[in-house]
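Okay, run16.cif is below, mmCIF, C-alpha atoms and all ligand atoms:
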data_run
loop_
_atom_site.label_atom_id
_atom_site.label_comp_id
_atom_site.auth_asym_id
_atom_site.auth_seq_id
_atom_site.Cartn_x
_atom_site.Cartn_y
_atom_site.Cartn_z
CA ALA A 1 -11.44 -38.72 -24.00
CA GLN A 2 -13.43 -35.47 -24.40
CA GLU A 3 -16.58 -37.58 -23.94
CA ARG A 4 -15.58 -38.54 -20.42
CA TYR A 5 -15.58 -34.93 -19.35
CA ALA A 6 -18.64 -33.86 -21.33
CA SER A 7 -20.76 -33.66 -18.18
CA ILE A 8 -18.56 -30.91 -16.69
CA ARG A 9 -17.82 -29.12 -19.96
CA ASP A 10 -20.19 -26.26 -19.32
CA THR A 11 -19.60 -26.15 -15.56
CA ALA A 12 -17.43 -23.33 -14.24
CA CYS A 13 -14.28 -24.66 -12.57
CA VAL A 14 -14.57 -24.11 -8.82
CA THR A 15 -12.32 -26.08 -6.48
CA ALA A 16 -13.60 -28.00 -3.45
CA SER A 17 -12.25 -25.12 -1.34
CA GLY A 18 -14.20 -22.56 -3.37
CA GLU A 19 -11.63 -20.88 -5.64
CA ARG A 20 -12.78 -20.05 -9.14
CA ILE A 21 -10.16 -21.09 -11.70
CA ASN A 22 -10.35 -19.88 -15.30
CA LEU A 23 -9.40 -22.51 -17.82
CA LEU A 24 -8.35 -21.22 -21.22
CA MET A 25 -6.93 -22.94 -24.25
CA ASN A 26 -3.78 -22.53 -26.29
CA ALA A 27 -4.13 -22.32 -30.07
CA GLY A 28 -2.12 -21.45 -33.14
CA LEU A 29 -4.19 -22.32 -36.18
CA MET A 30 -7.68 -21.55 -37.36
CA ALA A 31 -8.35 -25.29 -37.11
CA ASP A 32 -7.92 -25.10 -33.32
CA LEU A 33 -10.82 -22.71 -32.81
CA PRO A 34 -13.68 -25.24 -32.86
CA SER A 35 -12.10 -26.69 -29.70
CA LEU A 36 -13.16 -23.56 -27.85
CA GLU A 37 -16.68 -24.93 -27.77
CA SER A 38 -15.96 -28.65 -27.56
CA SER A 39 -13.47 -28.30 -24.68
CA GLY A 40 -15.40 -25.80 -22.61
CA ALA A 41 -12.43 -23.40 -22.57
CA GLU A 42 -13.35 -19.87 -21.50
CA GLY A 43 -11.18 -18.21 -24.11
CA VAL A 44 -7.82 -18.47 -25.84
CA GLY A 45 -5.06 -17.63 -23.37
CA LEU A 46 -2.29 -18.04 -25.91
CA PHE A 47 -2.60 -17.77 -29.67
CA ARG A 48 0.85 -18.58 -31.05
CA THR A 49 0.96 -16.43 -34.19
CA GLU A 50 4.26 -17.85 -35.44
CA LEU A 51 2.55 -20.98 -36.76
CA GLN A 52 1.02 -18.88 -39.56
CA PHE A 53 4.48 -17.69 -40.51
CA LEU A 54 6.03 -21.14 -40.27
CA VAL A 55 3.58 -22.90 -42.58
CA ARG A 56 4.35 -20.58 -45.51
CA ASN A 57 7.29 -20.21 -47.80
CA GLN A 58 7.18 -16.45 -47.91
CA MET A 59 6.41 -13.63 -45.50
CA PRO A 60 2.61 -13.31 -45.20
CA ARG A 61 1.14 -9.95 -46.22
CA ARG A 62 -0.60 -7.64 -43.79
CA ASN A 63 -3.98 -8.10 -45.45
CA GLU A 64 -3.72 -11.87 -45.32
CA LEU A 65 -2.86 -11.73 -41.63
CA ALA A 66 -5.64 -9.28 -40.88
CA ALA A 67 -8.14 -11.56 -42.62
CA LEU A 68 -6.89 -14.55 -40.69
CA TYR A 69 -6.95 -12.82 -37.29
CA SER A 70 -10.40 -11.53 -38.06
CA ARG A 71 -11.61 -15.09 -38.71
CA VAL A 72 -10.06 -16.17 -35.42
CA LEU A 73 -11.97 -13.43 -33.57
CA ASP A 74 -15.16 -14.34 -35.42
CA ALA A 75 -14.76 -17.99 -34.43
CA ALA A 76 -14.15 -16.99 -30.80
CA LYS A 77 -17.56 -15.27 -30.77
CA GLY A 78 -16.60 -12.62 -28.25
CA SER A 79 -14.44 -14.82 -26.00
CA ARG A 80 -11.07 -13.27 -25.24
CA VAL A 81 -8.20 -14.28 -27.55
CA VAL A 82 -4.68 -13.36 -26.49
CA PHE A 83 -2.55 -12.95 -29.59
CA ARG A 84 1.11 -13.44 -28.92
CA THR A 85 3.27 -11.54 -31.38
CA LEU A 86 5.76 -13.43 -33.49
CA ASP A 87 7.98 -15.71 -31.41
CA ILE A 88 10.70 -16.89 -33.77
CA GLY A 89 14.33 -17.80 -33.41
CA SER A 90 15.63 -20.60 -31.23
CA ASP A 91 13.66 -23.71 -32.25
CA LYS A 92 11.41 -21.77 -34.67
CA VAL A 93 13.23 -20.60 -37.80
CA LEU A 94 11.37 -18.99 -40.71
CA PRO A 95 12.45 -20.56 -44.00
CA TYR A 96 12.37 -17.17 -45.75
CA MET A 97 14.43 -15.24 -43.24
CA LYS A 98 18.19 -15.15 -43.27
CA PRO A 99 19.40 -17.78 -40.80
CA HIS A 100 21.69 -16.54 -38.07
CA ASP A 101 24.23 -19.00 -36.94
CA GLU A 102 24.24 -18.77 -33.18
CA PRO A 103 26.01 -21.08 -30.75
CA ASN A 104 23.11 -20.93 -28.25
CA PRO A 105 19.92 -20.15 -30.15
CA ALA A 106 17.68 -20.53 -27.08
CA LEU A 107 19.69 -17.72 -25.50
CA GLY A 108 20.00 -15.87 -28.77
CA TRP A 109 18.33 -13.42 -31.06
CA ARG A 110 14.73 -14.48 -30.79
CA ALA A 111 11.15 -13.37 -30.19
CA ILE A 112 10.80 -9.74 -29.03
CA ARG A 113 14.54 -9.22 -29.48
CA VAL A 114 14.04 -9.66 -33.23
CA GLY A 115 10.79 -7.72 -33.06
CA LEU A 116 12.46 -4.67 -31.54
CA ASP A 117 15.69 -4.76 -33.53
CA LYS A 118 13.94 -5.23 -36.88
CA PRO A 119 10.51 -3.77 -36.17
CA GLY A 120 9.07 -4.05 -39.69
CA VAL A 121 7.36 -7.38 -39.12
CA LEU A 122 6.17 -6.50 -35.62
CA ARG A 123 4.62 -3.27 -36.89
CA MET A 124 2.93 -5.08 -39.77
CA GLN A 125 1.57 -7.65 -37.36
CA LEU A 126 0.26 -5.05 -34.90
CA GLN A 127 -1.51 -3.24 -37.72
CA ALA A 128 -3.00 -6.51 -38.97
CA LEU A 129 -4.28 -7.26 -35.46
CA MET A 130 -5.83 -3.82 -35.07
CA ARG A 131 -7.56 -4.07 -38.43
CA ALA A 132 -8.78 -7.55 -37.60
CA ALA A 133 -10.26 -6.28 -34.33
CA ASP A 134 -12.13 -3.62 -36.31
CA GLY A 135 -13.90 -2.13 -33.32
CA ARG A 136 -13.77 -5.26 -31.17
CA PRO A 137 -11.56 -5.64 -28.05
CA LEU A 138 -7.99 -6.77 -28.70
CA SER A 139 -5.43 -8.51 -26.48
CA VAL A 140 -1.78 -8.47 -27.50
CA MET A 141 1.02 -10.25 -25.67
CA PHE A 142 4.75 -9.91 -26.23
CA PRO A 143 6.97 -12.99 -25.92
CA PHE A 144 10.28 -13.22 -24.15
CA ILE A 145 10.33 -9.87 -22.39
CA ALA A 146 13.42 -10.08 -20.17
CA GLN A 147 13.57 -6.58 -18.73
CA TYR A 148 11.56 -3.41 -18.29
CA ASN A 149 12.96 -1.42 -21.23
CA GLU A 150 11.93 -4.18 -23.65
CA TRP A 151 8.40 -3.96 -22.31
CA GLN A 152 8.45 -0.17 -22.68
CA ALA A 153 9.71 -0.37 -26.26
CA ALA A 154 7.19 -3.05 -27.23
CA ARG A 155 4.35 -1.17 -25.57
CA ALA A 156 5.44 1.99 -27.45
CA GLU A 157 5.07 0.07 -30.72
CA VAL A 158 1.42 -0.55 -29.86
CA ASP A 159 0.86 3.14 -29.21
CA LYS A 160 2.61 4.07 -32.45
CA ALA A 161 0.53 1.56 -34.39
CA LEU A 162 -2.67 2.91 -32.82
CA ALA A 163 -1.72 6.46 -33.77
CA ARG A 164 -0.91 5.37 -37.32
CA GLU A 165 -4.18 3.52 -37.71
CA LYS A 166 -6.09 6.49 -36.40
CA LYS A 167 -4.35 8.84 -38.81
CA LEU A 168 -5.19 6.51 -41.69
CA GLY A 169 -8.82 6.63 -40.67
CA HIS A 170 -9.15 2.97 -39.67
CA VAL A 171 -11.54 1.84 -36.97
CA LEU A 172 -9.57 1.25 -33.77
CA PRO A 173 -10.11 -1.69 -31.42
CA GLU A 174 -12.80 -1.04 -28.83
CA ARG A 175 -10.09 -1.38 -26.20
CA ILE A 176 -6.68 -2.90 -26.29
CA GLU A 177 -4.96 -4.71 -23.46
CA VAL A 178 -1.25 -5.29 -23.70
CA GLY A 179 0.64 -7.90 -21.73
CA ALA A 180 3.88 -9.79 -21.56
CA MET A 181 5.02 -13.35 -21.21
CA LEU A 182 7.13 -14.02 -18.20
CA GLU A 183 9.56 -16.64 -19.43
CA THR A 184 12.92 -15.48 -18.20
CA PRO A 185 13.68 -15.50 -14.45
CA SER A 186 14.87 -11.88 -14.72
CA LEU A 187 11.34 -10.62 -15.32
CA ALA A 188 10.10 -12.11 -12.05
CA PHE A 189 12.49 -9.65 -10.35
CA ALA A 190 11.59 -6.65 -12.53
CA SER A 191 10.85 -3.34 -10.84
CA GLN A 192 7.46 -2.67 -9.34
CA LYS A 193 6.93 -0.21 -12.16
CA PHE A 194 6.83 -3.07 -14.63
CA PHE A 195 4.25 -4.98 -12.61
CA ASP A 196 2.16 -1.82 -12.28
CA GLU A 197 2.27 -1.01 -15.98
CA VAL A 198 1.75 -4.37 -17.61
CA GLU A 199 -1.95 -5.16 -18.03
CA PHE A 200 -1.53 -8.91 -17.82
CA LEU A 201 1.23 -11.46 -17.48
CA SER A 202 1.37 -15.01 -18.68
CA VAL A 203 4.05 -17.35 -17.41
CA GLY A 204 5.65 -19.31 -20.24
CA GLY A 205 6.69 -22.20 -18.09
CA ASN A 206 8.39 -24.10 -20.91
CA ASP A 207 10.99 -21.42 -21.35
CA LEU A 208 11.00 -20.22 -17.75
CA LYS A 209 11.84 -23.71 -16.54
CA GLN A 210 14.63 -24.22 -19.05
CA PHE A 211 16.27 -20.99 -17.95
CA PHE A 212 15.66 -21.52 -14.25
CA PHE A 213 17.35 -24.91 -14.26
CA ALA A 214 19.72 -24.13 -17.16
CA ALA A 215 18.36 -27.24 -18.88
CA ASP A 216 17.57 -27.19 -22.60
CA ARG A 217 13.84 -27.90 -23.07
CA GLU A 218 14.63 -29.85 -26.25
CA ASN A 219 17.19 -32.09 -24.60
CA GLU A 220 15.48 -35.07 -22.93
CA ARG A 221 18.60 -36.01 -21.06
CA VAL A 222 18.78 -32.83 -19.04
CA ARG A 223 15.14 -31.73 -19.20
CA ARG A 224 13.84 -34.76 -17.30
CA ARG A 225 16.13 -34.21 -14.35
CA TYR A 226 14.14 -31.25 -13.11
CA ASP A 227 10.64 -31.56 -11.81
CA THR A 228 8.24 -28.66 -12.31
CA LEU A 229 7.08 -29.37 -8.77
CA ASN A 230 10.58 -28.69 -7.47
CA VAL A 231 10.15 -26.48 -4.41
CA SER A 232 12.60 -23.85 -5.67
CA PHE A 233 10.77 -23.49 -8.95
CA LEU A 234 7.45 -23.27 -7.11
CA SER A 235 8.95 -20.54 -4.92
CA LEU A 236 9.76 -18.49 -8.00
CA LEU A 237 6.26 -19.01 -9.36
CA GLU A 238 4.71 -18.15 -6.01
CA MET A 239 6.67 -14.92 -5.89
CA VAL A 240 5.31 -14.01 -9.33
CA ALA A 241 1.77 -14.83 -8.15
CA ASP A 242 2.22 -12.72 -4.99
CA ARG A 243 3.66 -9.74 -6.87
CA SER A 244 0.87 -9.93 -9.45
CA ARG A 245 -1.78 -10.04 -6.76
CA THR A 246 -0.29 -7.01 -5.00
CA SER A 247 -0.13 -5.02 -8.21
CA GLU A 248 -3.53 -6.33 -9.38
CA THR A 249 -2.00 -7.63 -12.59
CA ASN A 250 -3.95 -10.38 -14.31
CA LEU A 251 -1.80 -13.47 -14.19
CA SER A 252 -2.00 -16.73 -16.07
CA PHE A 253 0.22 -19.70 -16.81
CA CYS A 254 0.35 -20.94 -20.39
CA GLY A 255 3.25 -23.40 -20.55
CA GLU A 256 2.58 -27.12 -21.09
CA ASP A 257 2.54 -27.76 -17.34
CA ALA A 258 -0.78 -25.93 -17.03
CA GLY A 259 -2.33 -28.89 -18.86
CA ARG A 260 -0.92 -31.52 -16.50
CA PRO A 261 -3.50 -32.03 -13.74
CA VAL A 262 -1.11 -32.40 -10.77
CA GLU A 263 0.99 -29.45 -11.92
CA ALA A 264 -2.16 -27.41 -12.57
CA LEU A 265 -3.34 -28.18 -9.04
CA CYS A 266 -0.08 -26.95 -7.52
CA LEU A 267 -0.17 -23.80 -9.66
CA ALA A 268 -3.67 -23.08 -8.42
CA ALA A 269 -2.56 -23.76 -4.84
CA ILE A 270 0.22 -21.15 -5.02
CA GLY A 271 -2.12 -18.52 -6.41
CA PHE A 272 -2.63 -18.93 -10.16
CA ARG A 273 -6.29 -18.37 -11.02
CA THR A 274 -6.00 -18.66 -14.81
CA LEU A 275 -4.44 -21.56 -16.66
CA SER A 276 -4.12 -21.92 -20.42
CA MET A 277 -3.53 -25.32 -21.96
CA ARG A 278 -4.11 -27.55 -24.94
CA PRO A 279 -7.87 -28.12 -25.35
CA ALA A 280 -7.73 -31.84 -24.56
CA SER A 281 -6.34 -31.04 -21.10
CA ILE A 282 -9.25 -28.85 -19.99
CA GLY A 283 -11.48 -31.77 -18.96
CA PRO A 284 -8.87 -33.68 -16.91
CA VAL A 285 -7.56 -30.51 -15.24
CA LYS A 286 -11.05 -29.25 -14.40
CA SER A 287 -12.09 -32.62 -13.03
CA LEU A 288 -9.13 -32.78 -10.65
CA LEU A 289 -9.37 -29.14 -9.56
CA MET A 290 -13.06 -29.51 -8.76
CA ARG A 291 -12.29 -32.36 -6.37
CA SER A 292 -9.32 -30.70 -4.68
CA ASP A 293 -8.92 -28.49 -1.65
CA LEU A 294 -6.32 -25.82 -2.44
CA THR A 295 -5.76 -25.01 1.23
CA VAL A 296 -4.69 -28.60 1.86
CA VAL A 297 -2.38 -28.59 -1.17
CA ARG A 298 -0.91 -25.28 -0.11
CA GLY A 299 -0.20 -26.76 3.31
CA LEU A 300 1.48 -29.77 1.71
CA ILE A 301 3.71 -27.47 -0.33
CA GLU A 302 4.71 -25.55 2.81
CA GLU A 303 5.44 -28.77 4.69
CA ALA A 304 7.51 -30.16 1.84
CA ARG A 305 9.47 -26.91 1.78
CA ALA A 306 10.03 -26.99 5.54
CA ARG A 307 11.18 -30.63 5.40
CA GLY A 308 13.63 -29.82 2.63
CA ASP A 309 11.99 -32.09 0.05
CA GLN A 310 13.22 -31.51 -3.44
CA SER A 311 9.80 -31.84 -4.99
CA VAL A 312 6.25 -31.70 -3.68
CA ARG A 313 5.09 -34.36 -6.12
CA ASP A 314 5.11 -37.30 -3.69
CA SER A 315 3.09 -35.56 -1.01
CA VAL A 316 0.58 -34.14 -3.49
CA MET A 317 0.18 -37.56 -5.12
CA ALA A 318 -0.44 -39.11 -1.69
CA TYR A 319 -3.16 -36.52 -1.07
CA LEU A 320 -4.76 -37.29 -4.44
CA ARG A 321 -4.76 -41.00 -3.67
CA SER A 322 -6.55 -40.21 -0.41
CA LEU A 323 -9.30 -38.53 -2.45
CA GLY A 324 -9.80 -41.85 -4.23
C1 LIG B 1 6.45 -21.22 -22.97
O1 LIG B 1 7.62 -20.91 -23.16
O2 LIG B 1 6.04 -21.79 -21.94
C2 LIG B 1 5.41 -20.90 -23.97
C3 LIG B 1 4.12 -21.02 -23.69
O3 LIG B 1 5.80 -20.52 -25.20
P1 LIG B 1 6.46 -21.51 -26.28
O4 LIG B 1 6.27 -22.91 -25.79
O5 LIG B 1 5.77 -21.21 -27.56
O6 LIG B 1 7.90 -21.07 -26.26
MG MG B 2 8.23 -19.58 -24.76
#
Once you've parsed the file, please lay out its structure as C-alpha cells.
Amino acid sequence: AQERYASIRDTACVTASGERINLLMNAGLMADLPSLESSGAEGVGLFRTELQFLVRNQMPRRNELAALYSRVLDAAKGSRVVFRTLDIGSDKVLPYMKPHDEPNPALGWRAIRVGLDKPGVLRMQLQALMRAADGRPLSVMFPFIAQYNEWQAARAEVDKALAREKKLGHVLPERIEVGAMLETPSLAFASQKFFDEVEFLSVGGNDLKQFFFAADRENERVRRRYDTLNVSFLSLLEMVADRSRTSETNLSFCGEDAGRPVEALCLAAIGFRTLSMRPASIGPVKSLLMRSDLTVVRGLIEEARARGDQSVRDSVMAYLRSLG
C-alpha cells in the first residue's frame, strides 16, 4: 500500500485550496522509527511511552529509558518527536504495579492523575528524557489533563526536573516545549490562561470522543453509534481550533480519526493544520487532502449544521464522489 503513495511521499501536503497541512506519525516502539522515512511523516506527533513500560515485567530504570529515548531521537535525525509521559490505568495496566480495583477505570485513576499523585515515576521519566535530549530540543506532552491546576502541577514537574538536572551538572535540552493532550471535554472550556500558557495541544480524539458521547471506546456496541463527523462533536473540535488559533497555540490531532481520510479532511476543514496518525495512513490522507478544497468542505459542514443533519459524512462523501 505504501508503494501506491510513493510518488507523493516527499511532497509537502498542500490542499487544492492552498492550506499547508503537517502530517506526523504516531509511534511507541523503536521499531516504529524507520517508518518516519518510509511514510514521509514530518515528525512524530505522539510517542506513546507506556509501551516501553508494558512490554517489561519490572519497572524500567532511568538509565535504560534515557538510552532508549536517546536512540529514538537519533533515529528521528532532528525531526520533532513529541514524547507523551506515561499514560497508564484504564485499559493499560502495568503488571508490576499494584492493581486498583475501580468500577469505571476509564474515568478512574489514570495517566497524569497517577503521575501527579505518585510523582516518582513521572520524575524519573522526565529526567530520562532530559538526559536523552542531551543538548538537543525536547518536546514533552502530558496525557489526560482535565483542568488547569493539573497542567500547572505537571508543568512545575518539568521545571523542577530541569533545576535538578542543572544542579547535577547534566547538559540540559537545547530548548524544551511542554504541551498537553486535550482528551476530556472539560479542557476545551479551560480558562484563557491555560490556552495562553500551554505551548502546544494535541487532541486525543479516542478519549475525547468516548467522554463526549459517554460511550466506552472499548465497547463496540455503544462506540459505533456515534460518528466522529457528528456535527456536535465537530463543533467542540472547531471551538478548540478557534481558541488555539486566537491564543497562537500549536494544535494537532493525534487520535485514530486523524488517520481516516474523510475524518482528516473534516478536521483540516475546521482548522486543524497538524494531524498525527499511524504511518500507513499518511499516504492515503495526504492523497485525499491534496485533491480537496477545504473551503468547499467547510461550507458543507456549515450547511449540514444549518439543516440539522446529525453527521456531515453523507454530504462530504457526495463531494468526494464528485471529485472522482
Ligand atoms: C487518544 O486518546 O486519542 C490518544 C491518542 O491516546 P490513547 O489512544 O493512547 O489513549
Ligand atoms: Mg488517550
Next item on the list: Tell me, as a PyMOL selection string, which residues lie within 9 Å of Asp32 (chain A), counting only C-alpha atoms; anything in the same chain fewer than 5 positions away does not count.
Entry: chain A and resi 26-27+279
Return as a tab-separated table the residues of chain A lying at most 10 Å from ligand LIG 1 (chain B), together with the closest atom-to-atom pair for each and the distance in Å to one decimal, counting only C-alpha atoms and all ligand atoms, with rows in chain order and ascending residue number.
residue	atom	partner	partner_atom	distance
A:Asn26	CA	B:LIG1	C3	8.5
A:Gly28	CA	B:LIG1	O5	9.7
A:Gly45	CA	B:LIG1	C3	9.8
A:Leu46	CA	B:LIG1	C3	7.4
A:Phe47	CA	B:LIG1	O5	9.3
A:Arg48	CA	B:LIG1	O5	6.6
A:Thr49	CA	B:LIG1	O5	9.5
A:Glu50	CA	B:LIG1	O5	8.7
A:Leu51	CA	B:LIG1	O5	9.7
A:Arg84	CA	B:LIG1	O5	9.2
A:Leu86	CA	B:LIG1	O5	9.8
A:Asp87	CA	B:LIG1	O5	7.1
A:Ile88	CA	B:LIG1	O5	9.0
A:Ser90	CA	B:LIG1	O6	9.2
A:Asp91	CA	B:LIG1	O6	8.7
A:Lys92	CA	B:LIG1	O5	9.1
A:Ala106	CA	B:LIG1	O6	9.8
A:Ala111	CA	B:LIG1	O6	9.2
A:Pro143	CA	B:LIG1	O3	7.7
A:Phe144	CA	B:LIG1	O1	8.2
A:Met181	CA	B:LIG1	C2	8.0
A:Leu182	CA	B:LIG1	O1	8.5
A:Glu183	CA	B:LIG1	O1	6.0
A:Thr184	CA	B:LIG1	O1	9.1
A:Ser202	CA	B:LIG1	C3	8.3
A:Val203	CA	B:LIG1	O2	6.6
A:Gly204	CA	B:LIG1	O2	3.0
A:Gly205	CA	B:LIG1	O2	3.9
A:Asn206	CA	B:LIG1	O2	3.5
A:Asp207	CA	B:LIG1	O1	3.9
A:Leu208	CA	B:LIG1	O1	6.4
A:Lys209	CA	B:LIG1	O2	8.2
A:Gln210	CA	B:LIG1	O1	8.8
A:Arg217	CA	B:LIG1	O1	9.4
A:Phe253	CA	B:LIG1	C3	8.0
A:Cys254	CA	B:LIG1	C3	5.0
A:Gly255	CA	B:LIG1	O2	3.5
A:Glu256	CA	B:LIG1	O2	6.4
A:Asp257	CA	B:LIG1	O2	8.3
A:Ala258	CA	B:LIG1	O2	9.4
A:Ser276	CA	B:LIG1	C3	8.9
A:Met277	CA	B:LIG1	C3	8.9
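Closest approach to ligand MG 2 (chain B) from the set A:Thr85, A:Asn230, A:Thr274, A:Ser315 is made by A:Thr85, with distances taken over all atoms listed in the file.
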Using only C-alpha atoms, which protein or nucleic acid residues come within 9 Å of Asp309 (chain A)? Drop anything in the same chain fewer than 4 positions from it, and give the result as a compact mmCIF listing (two decimals) with C-alpha atoms, in the coordinates of the input.
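Listed below is the output, selection22.txt:
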# COMPACT_ATOMS: atom_id res chain seq x y z
CA ASN A 230 10.58 -28.69 -7.47
CA VAL A 231 10.15 -26.48 -4.41
CA GLU A 303 5.44 -28.77 4.69
CA ALA A 304 7.51 -30.16 1.84
CA ARG A 305 9.47 -26.91 1.78
Margin query: Which residues are near Glu19 (chain A)? Cut-off 12 Å, all atoms listed in the file, ignore same chain within fewer than 6 positions. Put them as a list in words.
Written below: Ala12, Cys13, Leu265, Ala268, Ala269, Ile270, Gly271, Phe272, Arg273, Thr274, Leu289, Met290, Arg291, Ser292, Asp293, Leu294 and Thr295 of chain A
Note to self: Here is a test: counting all atoms listed in the file, which residue of A:Gly135, A:Gln58, A:Ile8, A:Met141 is nearest to ligand MG 2 (chain B)?
What the structure shows: A:Met141
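Closest approach to Arg131 (chain A) among A:Arg113, A:Arg20, A:Arg164, A:Lys286: A:Arg164, based on only C-alpha atoms.
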Checklist line | Gap from CA of Leu73 (chain A) to CA of Ala132 (chain A) - Å, one decimal | finding: 7.8 Å
Next item on the list: Tell me, as a VMD selection string, which residues lie within 12 Å of Arg223 (chain A), counting only C-alpha atoms; anything in the same chain fewer than 2 positions away does not count.
Entry: chain A and resid 206 to 207 209 to 221 225 to 228
Write the residues of the selection above to a file with C-alpha atoms, as a compact mmCIF listing (two decimals), keeping the file's coordinate frame.
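Result file selection-v1.txt:
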# COMPACT_ATOMS: atom_id res chain seq x y z
CA ASN A 206 8.39 -24.10 -20.91
CA ASP A 207 10.99 -21.42 -21.35
CA LYS A 209 11.84 -23.71 -16.54
CA GLN A 210 14.63 -24.22 -19.05
CA PHE A 211 16.27 -20.99 -17.95
CA PHE A 212 15.66 -21.52 -14.25
CA PHE A 213 17.35 -24.91 -14.26
CA ALA A 214 19.72 -24.13 -17.16
CA ALA A 215 18.36 -27.24 -18.88
CA ASP A 216 17.57 -27.19 -22.60
CA ARG A 217 13.84 -27.90 -23.07
CA GLU A 218 14.63 -29.85 -26.25
CA ASN A 219 17.19 -32.09 -24.60
CA GLU A 220 15.48 -35.07 -22.93
CA ARG A 221 18.60 -36.01 -21.06
CA ARG A 225 16.13 -34.21 -14.35
CA TYR A 226 14.14 -31.25 -13.11
CA ASP A 227 10.64 -31.56 -11.81
CA THR A 228 8.24 -28.66 -12.31
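Of note, CA of Phe83 (chain A) and CA of Arg110 (chain A) are spaced 17.4 Å apart.
Excluding region 146-155 of chain A and any residue on its chain fewer than 6 positions from it, the residues at most 8 Å away by only C-alpha atoms are Ile112, Leu116, Val178, Ala180, Leu182, Glu183, Thr184, Pro185, Ser186, Leu187, Ala190, Ser191 and Phe194 of chain A.
Residue nearest ligand MG 2 (chain B), chosen from A:Leu107, A:Gln192, A:Ser322, A:Pro34 and counting only C-alpha atoms and all ligand atoms: A:Leu107.
The two atoms in question, CA of Arg136 (chain A) and CA of Arg56 (chain A), are spaced 27.7 Å apart.
The residues that lie within 12 Å of the point (0.9, -13.5, -5.5), counting all atoms listed in the file, are Ala188, Phe195, Leu234, Ser235, Leu236, Leu237, Glu238, Met239, Val240, Ala241, Asp242, Arg243, Ser244, Arg245, Thr246, Ser247, Glu248, Thr249, Asn250, Leu251, Ser252, Leu267, Ala268, Ala269, Ile270, Gly271, Phe272 and Arg273 of chain A.
Proximity of A:Tyr96, A:Phe142, A:Phe189, A:Phe233 to ligand MG 2 (chain B), computed with all atoms listed in the file, is greatest for A:Phe142.
Candidate residues A:Leu94, A:Met317, A:Lys167, A:Ile145 were compared for distance to ligand MG 2 (chain B), and the nearest is A:Ile145, using all atoms listed in the file.
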